[in-house]
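data.tsv follows (TSV, C-alpha atoms and all ligand atoms):
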chain	number	residue	atom	x	y	z
A	7	MET	CA	4.06	-40.43	-81.52
A	8	ARG	CA	2.28	-37.16	-82.38
A	9	ILE	CA	-1.22	-36.93	-80.96
A	10	ILE	CA	-3.92	-34.28	-80.59
A	11	LEU	CA	-6.55	-34.41	-77.83
A	12	VAL	CA	-9.86	-32.75	-78.72
A	13	GLY	CA	-12.83	-32.37	-76.42
A	14	PRO	CA	-14.96	-29.80	-74.65
A	15	PRO	CA	-13.63	-28.09	-71.54
A	16	GLY	CA	-13.96	-30.56	-68.67
A	17	ALA	CA	-13.66	-33.65	-70.89
A	18	GLY	CA	-10.55	-34.59	-68.90
A	19	LYS	CA	-7.93	-33.57	-71.47
A	20	GLY	CA	-5.35	-32.64	-68.81
A	21	THR	CA	-5.84	-35.84	-66.83
A	22	GLN	CA	-5.76	-38.13	-69.87
A	23	ALA	CA	-2.78	-36.23	-71.27
A	24	GLU	CA	-0.73	-37.15	-68.22
A	25	SER	CA	-1.34	-40.87	-68.77
A	26	ILE	CA	-0.52	-40.70	-72.49
A	27	LYS	CA	2.61	-38.65	-71.82
A	28	LYS	CA	3.92	-41.27	-69.40
A	29	LYS	CA	3.15	-44.15	-71.72
A	30	TYR	CA	4.81	-42.71	-74.83
A	31	ASP	CA	7.42	-40.44	-73.23
A	32	ILE	CA	6.41	-37.43	-75.31
A	33	ALA	CA	6.03	-33.72	-74.54
A	34	HIS	CA	2.62	-32.72	-73.15
A	35	ILE	CA	1.82	-29.29	-74.58
A	36	SER	CA	-1.23	-27.56	-73.13
A	37	THR	CA	-1.99	-24.16	-74.65
A	38	GLY	CA	-4.17	-23.35	-71.61
A	39	ASP	CA	-1.23	-24.03	-69.26
A	40	ILE	CA	1.16	-21.94	-71.38
A	41	LEU	CA	-1.34	-19.06	-71.42
A	42	ARG	CA	-1.97	-19.29	-67.65
A	43	ALA	CA	1.81	-19.25	-67.03
A	44	ASN	CA	2.01	-16.08	-69.14
A	45	VAL	CA	-0.88	-14.49	-67.22
A	46	LYS	CA	0.86	-15.31	-63.94
A	47	ALA	CA	4.19	-13.92	-65.16
A	48	GLY	CA	2.47	-10.75	-66.42
A	49	THR	CA	3.89	-10.99	-69.98
A	50	GLU	CA	2.37	-9.00	-72.85
A	51	LEU	CA	0.84	-12.23	-74.21
A	52	GLY	CA	-0.58	-12.97	-70.75
A	53	LYS	CA	-2.13	-9.52	-70.42
A	54	THR	CA	-3.87	-9.80	-73.78
A	55	ALA	CA	-4.91	-13.43	-73.30
A	56	LYS	CA	-6.43	-12.87	-69.84
A	57	GLN	CA	-9.30	-10.74	-71.14
A	58	TYR	CA	-10.38	-13.49	-73.53
A	59	MET	CA	-9.85	-16.31	-71.06
A	60	ASP	CA	-11.83	-14.70	-68.25
A	61	ALA	CA	-14.79	-14.29	-70.59
A	62	GLY	CA	-14.57	-17.90	-71.80
A	63	ASN	CA	-13.62	-16.79	-75.33
A	64	LEU	CA	-10.78	-18.00	-77.51
A	65	VAL	CA	-7.53	-16.06	-77.64
A	66	PRO	CA	-6.99	-14.78	-81.24
A	67	ASP	CA	-5.61	-17.34	-83.69
A	68	ASP	CA	-2.52	-15.30	-84.68
A	69	LEU	CA	-1.24	-15.19	-81.11
A	70	ILE	CA	-1.83	-18.89	-80.53
A	71	ILE	CA	-0.33	-19.96	-83.85
A	72	ALA	CA	2.86	-17.89	-83.27
A	73	MET	CA	3.14	-19.32	-79.75
A	74	MET	CA	2.77	-22.90	-81.01
A	75	GLU	CA	5.17	-22.50	-83.96
A	76	PHE	CA	7.82	-21.72	-81.40
A	77	ARG	CA	6.78	-24.37	-78.86
A	78	LEU	CA	6.60	-27.22	-81.38
A	79	GLN	CA	10.24	-26.72	-82.31
A	80	GLU	CA	11.60	-26.98	-78.77
A	81	PRO	CA	14.00	-29.92	-78.20
A	82	ASP	CA	11.63	-31.86	-75.91
A	83	THR	CA	9.31	-32.56	-78.88
A	84	LYS	CA	11.95	-34.73	-80.58
A	85	ASN	CA	10.22	-37.93	-79.46
A	86	GLY	CA	6.79	-36.62	-80.34
A	87	PHE	CA	4.12	-34.55	-78.63
A	88	LEU	CA	0.63	-34.55	-77.29
A	89	LEU	CA	-1.35	-31.40	-77.98
A	90	ASP	CA	-3.94	-30.56	-75.33
A	91	GLY	CA	-6.21	-27.64	-76.21
A	92	PHE	CA	-4.74	-26.96	-79.67
A	93	PRO	CA	-5.92	-26.65	-82.41
A	94	ARG	CA	-9.25	-25.15	-81.42
A	95	THR	CA	-10.29	-23.57	-84.72
A	96	ARG	CA	-10.14	-24.53	-88.38
A	97	ARG	CA	-7.48	-21.86	-88.95
A	98	GLN	CA	-5.31	-23.27	-86.18
A	99	ALA	CA	-5.70	-26.79	-87.63
A	100	GLU	CA	-4.64	-25.60	-91.08
A	101	ALA	CA	-1.68	-23.67	-89.62
A	102	LEU	CA	-0.62	-26.82	-87.76
A	103	ASP	CA	-0.82	-28.87	-90.98
A	104	GLU	CA	1.39	-26.32	-92.75
A	105	LEU	CA	3.91	-26.23	-89.93
A	106	LEU	CA	4.16	-30.03	-89.73
A	107	GLU	CA	4.59	-30.26	-93.46
A	108	ARG	CA	7.41	-27.71	-93.33
A	109	LEU	CA	9.07	-29.75	-90.58
A	110	GLY	CA	8.55	-33.01	-92.48
A	111	LEU	CA	6.35	-34.46	-89.72
A	112	SER	CA	2.86	-35.98	-89.60
A	113	LEU	CA	0.19	-36.73	-87.00
A	114	ASP	CA	-0.48	-40.27	-85.76
A	115	ALA	CA	-3.89	-39.79	-84.13
A	116	VAL	CA	-6.49	-37.27	-83.02
A	117	VAL	CA	-8.32	-38.44	-79.92
A	118	GLU	CA	-11.81	-37.07	-79.42
A	119	LEU	CA	-12.96	-37.17	-75.78
A	120	ASP	CA	-16.72	-37.43	-76.08
A	121	VAL	CA	-18.81	-36.22	-73.14
A	122	SER	CA	-22.16	-34.45	-72.69
A	123	ASP	CA	-22.55	-30.78	-71.72
A	124	GLU	CA	-24.32	-31.73	-68.49
A	125	VAL	CA	-21.41	-33.91	-67.31
A	126	VAL	CA	-19.02	-31.06	-68.18
A	127	VAL	CA	-20.94	-28.45	-66.17
A	128	LYS	CA	-21.08	-30.78	-63.17
A	129	ARG	CA	-17.38	-31.61	-63.36
A	130	LEU	CA	-16.10	-28.10	-63.90
A	131	SER	CA	-18.22	-26.33	-61.33
A	132	SER	CA	-16.77	-28.67	-58.69
A	133	ARG	CA	-13.18	-28.49	-60.03
A	134	ARG	CA	-10.53	-26.75	-57.90
A	135	VAL	CA	-6.84	-26.26	-58.61
A	136	CYS	CA	-3.75	-25.49	-56.57
A	137	ARG	CA	-2.54	-22.00	-57.42
A	138	GLN	CA	1.04	-23.07	-56.73
A	139	CYS	CA	1.67	-26.59	-58.11
A	140	GLY	CA	-1.37	-27.01	-60.39
A	141	GLU	CA	-2.69	-30.18	-58.67
A	142	ILE	CA	-6.35	-30.67	-59.60
A	143	TYR	CA	-9.02	-31.33	-56.94
A	144	ASN	CA	-12.78	-31.83	-57.08
A	145	THR	CA	-15.14	-30.90	-54.26
A	146	LEU	CA	-17.24	-34.03	-55.01
A	147	THR	CA	-14.73	-36.71	-55.96
A	148	LYS	CA	-11.31	-35.52	-54.74
A	149	PRO	CA	-11.56	-32.79	-52.10
A	150	ALA	CA	-8.39	-31.10	-50.81
A	151	GLY	CA	-7.64	-32.66	-47.37
A	152	THR	CA	-7.93	-29.35	-45.56
A	153	GLU	CA	-10.40	-27.00	-47.22
A	154	GLY	CA	-8.55	-24.60	-49.53
A	155	VAL	CA	-5.07	-26.04	-48.86
A	156	CYS	CA	-3.13	-28.25	-51.29
A	157	GLY	CA	-2.22	-31.64	-49.79
A	158	ILE	CA	0.93	-31.78	-51.93
A	159	CYS	CA	2.58	-28.38	-51.61
A	160	GLY	CA	0.47	-26.47	-49.06
A	161	GLY	CA	-0.49	-23.89	-51.74
A	162	GLU	CA	-3.87	-22.21	-51.95
A	163	VAL	CA	-6.59	-24.31	-53.65
A	164	ILE	CA	-8.89	-22.11	-55.71
A	165	ARG	CA	-11.61	-22.19	-58.36
A	166	ARG	CA	-10.30	-21.07	-61.79
A	167	ASP	CA	-11.94	-17.79	-62.89
A	168	ASP	CA	-13.25	-19.55	-65.99
A	169	ASP	CA	-14.82	-22.44	-64.02
A	170	LYS	CA	-17.84	-20.36	-62.93
A	171	GLU	CA	-21.06	-21.81	-64.34
A	172	SER	CA	-21.85	-18.83	-66.63
A	173	VAL	CA	-18.32	-18.93	-68.07
A	174	ILE	CA	-18.48	-22.73	-68.44
A	175	ARG	CA	-21.63	-22.33	-70.56
A	176	SER	CA	-19.89	-19.79	-72.84
A	177	ARG	CA	-16.83	-22.04	-73.15
A	178	LEU	CA	-19.14	-24.89	-74.17
A	179	SER	CA	-20.84	-22.85	-76.86
A	180	VAL	CA	-17.44	-21.69	-78.16
A	181	PHE	CA	-16.45	-25.37	-78.29
A	182	HIS	CA	-19.56	-26.41	-80.23
A	183	GLU	CA	-19.26	-23.52	-82.70
A	184	GLN	CA	-15.53	-23.35	-83.32
A	185	THR	CA	-13.81	-26.55	-82.21
A	186	ALA	CA	-16.35	-29.35	-82.80
A	187	PRO	CA	-16.08	-28.92	-86.63
A	188	LEU	CA	-12.47	-30.14	-86.31
A	189	ILE	CA	-13.81	-33.60	-85.48
A	190	LYS	CA	-15.05	-33.95	-89.06
A	191	TYR	CA	-11.84	-32.35	-90.36
A	192	TYR	CA	-9.74	-35.08	-88.72
A	193	ARG	CA	-12.23	-37.88	-89.41
A	194	ASP	CA	-11.89	-37.06	-93.11
A	195	LYS	CA	-8.14	-37.42	-92.72
A	196	ARG	CA	-8.70	-40.84	-91.07
A	197	LEU	CA	-6.93	-39.78	-87.91
A	198	LEU	CA	-9.88	-39.72	-85.51
A	199	VAL	CA	-10.22	-42.04	-82.50
A	200	THR	CA	-13.38	-41.38	-80.46
A	201	VAL	CA	-13.32	-42.28	-76.76
A	202	ASP	CA	-16.29	-42.18	-74.39
A	203	ALA	CA	-15.07	-39.73	-71.72
A	204	SER	CA	-17.94	-40.02	-69.24
A	205	GLY	CA	-17.53	-42.00	-66.03
A	206	ALA	CA	-14.49	-42.66	-63.88
A	207	LYS	CA	-10.99	-41.54	-64.80
A	208	ASP	CA	-9.44	-45.04	-64.75
A	209	SER	CA	-11.99	-46.53	-67.11
A	210	ILE	CA	-11.45	-43.63	-69.53
A	211	VAL	CA	-7.66	-44.22	-69.39
A	212	LYS	CA	-8.30	-47.87	-70.37
A	213	ARG	CA	-10.67	-46.99	-73.21
A	214	LEU	CA	-8.19	-44.45	-74.51
A	215	ALA	CA	-5.26	-46.91	-74.42
A	216	GLY	CA	-7.43	-49.40	-76.36
A	217	GLY	CA	-8.34	-46.75	-78.95
A	218	LEU	CA	-4.74	-45.63	-79.47
A	219	GLY	CA	-3.57	-49.24	-79.72
A	220	SER	CA	-5.31	-49.45	-83.07
A	221	LYS	CA	-3.19	-46.58	-84.48
B	1	LIG	P1	-7.98	-24.78	-71.35
B	1	LIG	O1	-7.13	-24.87	-70.12
B	1	LIG	O2	-7.48	-25.63	-72.48
B	1	LIG	O3	-9.45	-24.98	-71.06
B	1	LIG	O4	-7.85	-23.27	-71.89
B	1	LIG	C1	-8.26	-22.17	-71.10
B	1	LIG	C2	-8.51	-20.95	-71.99
B	1	LIG	O5	-7.31	-20.60	-72.68
B	1	LIG	C3	-9.55	-21.16	-73.07
B	1	LIG	O6	-10.88	-20.99	-72.60
B	1	LIG	C4	-9.13	-20.07	-74.07
B	1	LIG	O7	-9.53	-18.79	-73.62
B	1	LIG	C5	-7.62	-20.12	-73.99
B	1	LIG	N1	-7.06	-21.08	-74.98
B	1	LIG	C6	-6.42	-22.26	-74.73
B	1	LIG	N2	-6.06	-22.87	-75.86
B	1	LIG	C7	-6.46	-22.05	-76.88
B	1	LIG	C8	-6.40	-22.14	-78.30
B	1	LIG	N3	-5.85	-23.19	-78.91
B	1	LIG	N4	-6.94	-21.13	-79.01
B	1	LIG	C9	-7.49	-20.06	-78.42
B	1	LIG	N5	-7.61	-19.92	-77.08
B	1	LIG	C10	-7.10	-20.91	-76.31

Encoded form using structure tokens:
Amino acid sequence: MRIILVGPPGAGKGTQAESIKKKYDIAHISTGDILRANVKAGTELGKTAKQYMDAGNLVPDDLIIAMMEFRLQEPDTKNGFLLDGFPRTRRQAEALDELLERLGLSLDAVVELDVSDEVVVKRLSSRRVCRQCGEIYNTLTKPAGTEGVCGICGGEVIRRDDDKESVIRSRLSVFHEQTAPLIKYYRDKRLLVTVDASGAKDSIVKRLAGGLGSK
């Protein structure tokens, strides 16, 4: 199975990706996670990417496309993959099409997680994440047991730099301008499955499973 997840920041791509990954036993590839790992490790890519990420802007296409060309040929993608956060621009989508064609592969579905800007701002401004193991918390719906301490690994629970409200608003406008047009791109290719991504996590998981079942 080869699937793309598209949706605004805070649509729940990471959470839904975990459930799809388990169900289909495919590689979960999150460009945001790869970039954050590079920032943490202090690589050249990480140093360049950080400036864009902190401002809520997209990292330049050439860097992302080169990174994904490499990642999509790693052995763990043999069974398929789930792309979370890529492609985010028309150029990235076209580069992905070219790469898949070269590899003799095709996509099975593009899942659009549909949610309003207001729900996104509410979700993201209360989102917290463990600096060490990446576990996601929420001050409203899933607080860390002890304030600021991860219940799983004891790491520090923080707010991502790009989850501040002003940055969330810029990330949303970047999404509407640059990524939302991909919805039509994939609808025209008859790959799109739209899932209502408001409400509780478990009901979204169910809706998504139902949507993918038709593919
Ligand atoms: P995410 O965790 O998917 O919200 O990504 C966090 C940040 O990483 C984004 O706001 C962008 O700055 C950068 N990023 C992630 N994926 C991409 C991509 N496909 N193209 C450009 N920038 C990206």

Give me the chain A side of the contact with ligand LIG 1 (chain B), cut-off 9 Å, one line per residue showing its nearest atom pair and distance in Å at one decimal, counting all atoms listed in the file, sorted by chain and residue number, as CSV.
residue,atom,partner,partner_atom,distance
A:Pro14,CA,B:LIG1,O3,8.2
A:Pro15,CA,B:LIG1,O3,5.2
A:Gly16,CA,B:LIG1,O3,7.6
A:Lys19,CA,B:LIG1,O2,8.0
A:Gly20,CA,B:LIG1,O1,8.1
A:Ser36,CA,B:LIG1,O2,6.6
A:Thr37,CA,B:LIG1,N2,4.4
A:Gly38,CA,B:LIG1,O1,3.6
A:Asp39,CA,B:LIG1,O1,6.0
A:Ile40,CA,B:LIG1,C6,8.3
A:Leu41,CA,B:LIG1,O5,6.3
A:Arg42,CA,B:LIG1,O5,7.5
A:Ala55,CA,B:LIG1,O7,7.1
A:Lys56,CA,B:LIG1,O7,7.7
A:Gln57,CA,B:LIG1,O7,8.4
A:Tyr58,CA,B:LIG1,O7,5.4
A:Met59,CA,B:LIG1,O7,3.6
A:Asp60,CA,B:LIG1,O7,7.1
A:Ala61,CA,B:LIG1,O7,7.6
A:Gly62,CA,B:LIG1,O6,4.9
A:Asn63,CA,B:LIG1,O7,4.9
A:Leu64,CA,B:LIG1,N5,3.7
A:Val65,CA,B:LIG1,N5,3.9
A:Pro66,CA,B:LIG1,C9,6.0
A:Asp67,CA,B:LIG1,N4,6.2
A:Leu69,CA,B:LIG1,C9,8.4
A:Ile70,CA,B:LIG1,N4,5.8
A:Ile71,CA,B:LIG1,N3,8.1
A:Met74,CA,B:LIG1,N3,8.9
A:Asp90,CA,B:LIG1,O2,6.7
A:Gly91,CA,B:LIG1,O2,4.4
A:Phe92,CA,B:LIG1,N3,4.0
A:Pro93,CA,B:LIG1,N3,4.9
A:Arg94,CA,B:LIG1,N3,4.7
A:Thr95,CA,B:LIG1,N4,7.1
A:Gln98,CA,B:LIG1,N3,7.3
A:Asp168,CA,B:LIG1,O6,7.2
A:Val173,CA,B:LIG1,O6,9.0
A:Ile174,CA,B:LIG1,O6,8.8
A:Arg177,CA,B:LIG1,O6,6.1
A:Val180,CA,B:LIG1,O6,8.6

Show me a table, sorted first by chain and then by increasing residue number, of the residues of range 56-146 of chain A having an atom at most 7 Å from range 197-219 of chain A, each with its shortest atom pair and the distance in Å to one decimal, counting all atoms listed in the file and written as a Markdown table.
| residue | atom | partner | partner_atom | distance |
| --- | --- | --- | --- | --- |
| A:Asp114 | CA | A:Leu197 | CA | 6.8 |
| A:Ala115 | CA | A:Leu197 | CA | 4.9 |
| A:Val116 | CA | A:Leu198 | CA | 4.9 |
| A:Val117 | CA | A:Val199 | CA | 4.8 |
| A:Glu118 | CA | A:Thr200 | CA | 4.7 |
| A:Leu119 | CA | A:Val201 | CA | 5.2 |
| A:Asp120 | CA | A:Asp202 | CA | 5.1 |
| A:Val121 | CA | A:Ala203 | CA | 5.3 |

Would you put the residues from that selection into a file with C-alpha atoms, as a PDB file, in the coordinates of the input?
ATOM      1  CA  ASP A 114      -0.480 -40.270 -85.760  1.00  0.00           C
ATOM      2  CA  ALA A 115      -3.890 -39.790 -84.130  1.00  0.00           C
ATOM      3  CA  VAL A 116      -6.490 -37.270 -83.020  1.00  0.00           C
ATOM      4  CA  VAL A 117      -8.320 -38.440 -79.920  1.00  0.00           C
ATOM      5  CA  GLU A 118     -11.810 -37.070 -79.420  1.00  0.00           C
ATOM      6  CA  LEU A 119     -12.960 -37.170 -75.780  1.00  0.00           C
ATOM      7  CA  ASP A 120     -16.720 -37.430 -76.080  1.00  0.00           C
ATOM      8  CA  VAL A 121     -18.810 -36.220 -73.140  1.00  0.00           C
TER       9      VAL A 121
END

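Note that the spacing between CA of Arg129 in chain A and CA of Met73 in chain A amounts to 29.0 Å.
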
Kindly provide, as lines of an AutoDock Vina configuration file, the centre and edge lengths (Å, one decimal) of an axis-aligned box around all atoms of range 95-102 of chain A given in the file, with 6 Å on each side.
center_x = -5.5
center_y = -24.3
center_z = -87.9
size_x = 21.7
size_y = 17.0
size_z = 18.4

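If only C-alpha atoms are the atoms counted, then among A:Tyr143, A:Val125, A:Ser172, A:Glu162 the closest residue to Ala17 in chain A is A:Val125.
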
Worksheet entry | Exercise: range 75-87 of chain A partners within 8 Å, all atoms listed in the file, chain neighbours under 4 positions left out, as a list in words | Met7, Arg8, Ile9, Asp31, Ile32, Ala33, His34, Ile35, Ile71 and Leu105 of chain A

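Across the model, the gap from CA of Lys128 in chain A to CA of Arg175 in chain A is 11.2 Å.
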
Worksheet item: Hey, can you check how far CA of Leu106 in chain A sits from CA of Tyr30 in chain A?
Response: 19.6 Å

Please work out which residues fall within 12 Å of (-8.4, -26.6, -60.5), coordinates as given in the file, with only C-alpha atoms counting, and return them as a CSV table (one decimal) with C-alpha atoms, in the frame of the given file.
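Below you can see selection.csv, which holds the result:
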chain,number,residue,atom,x,y,z
A,16,GLY,CA,-14.0,-30.6,-68.7
A,18,GLY,CA,-10.6,-34.6,-68.9
A,20,GLY,CA,-5.4,-32.6,-68.8
A,21,THR,CA,-5.8,-35.8,-66.8
A,39,ASP,CA,-1.2,-24.0,-69.3
A,129,ARG,CA,-17.4,-31.6,-63.4
A,130,LEU,CA,-16.1,-28.1,-63.9
A,131,SER,CA,-18.2,-26.3,-61.3
A,132,SER,CA,-16.8,-28.7,-58.7
A,133,ARG,CA,-13.2,-28.5,-60.0
A,134,ARG,CA,-10.5,-26.8,-57.9
A,135,VAL,CA,-6.8,-26.3,-58.6
A,136,CYS,CA,-3.8,-25.5,-56.6
A,137,ARG,CA,-2.5,-22.0,-57.4
A,138,GLN,CA,1.0,-23.1,-56.7
A,139,CYS,CA,1.7,-26.6,-58.1
A,140,GLY,CA,-1.4,-27.0,-60.4
A,141,GLU,CA,-2.7,-30.2,-58.7
A,142,ILE,CA,-6.4,-30.7,-59.6
A,143,TYR,CA,-9.0,-31.3,-56.9
A,144,ASN,CA,-12.8,-31.8,-57.1
A,145,THR,CA,-15.1,-30.9,-54.3
A,148,LYS,CA,-11.3,-35.5,-54.7
A,149,PRO,CA,-11.6,-32.8,-52.1
A,150,ALA,CA,-8.4,-31.1,-50.8
A,154,GLY,CA,-8.6,-24.6,-49.5
A,156,CYS,CA,-3.1,-28.2,-51.3
A,162,GLU,CA,-3.9,-22.2,-52.0
A,163,VAL,CA,-6.6,-24.3,-53.6
A,164,ILE,CA,-8.9,-22.1,-55.7
A,165,ARG,CA,-11.6,-22.2,-58.4
A,166,ARG,CA,-10.3,-21.1,-61.8
A,167,ASP,CA,-11.9,-17.8,-62.9
A,168,ASP,CA,-13.2,-19.6,-66.0
A,169,ASP,CA,-14.8,-22.4,-64.0
A,170,LYS,CA,-17.8,-20.4,-62.9

Worksheet item: Do you know which residues are at most 9 Å from Lys53 in chain A counting all atoms listed in the file, after dropping those on the same chain fewer than 5 positions away, and could you put them as a ChimeraX atom specification?
Response: /A:44-45,48

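The nearest approach to Lys29 in chain A among the residues A:Leu51, A:Ala101, A:Asp68, A:Leu88, with all atoms listed in the file taken into account, belongs to A:Leu88.
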
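Of the listed residues (A:Thr147, A:Ile158, A:Arg96, A:Glu171), A:Glu171 comes nearest to Asp123 in chain A; the distances count all atoms listed in the file.
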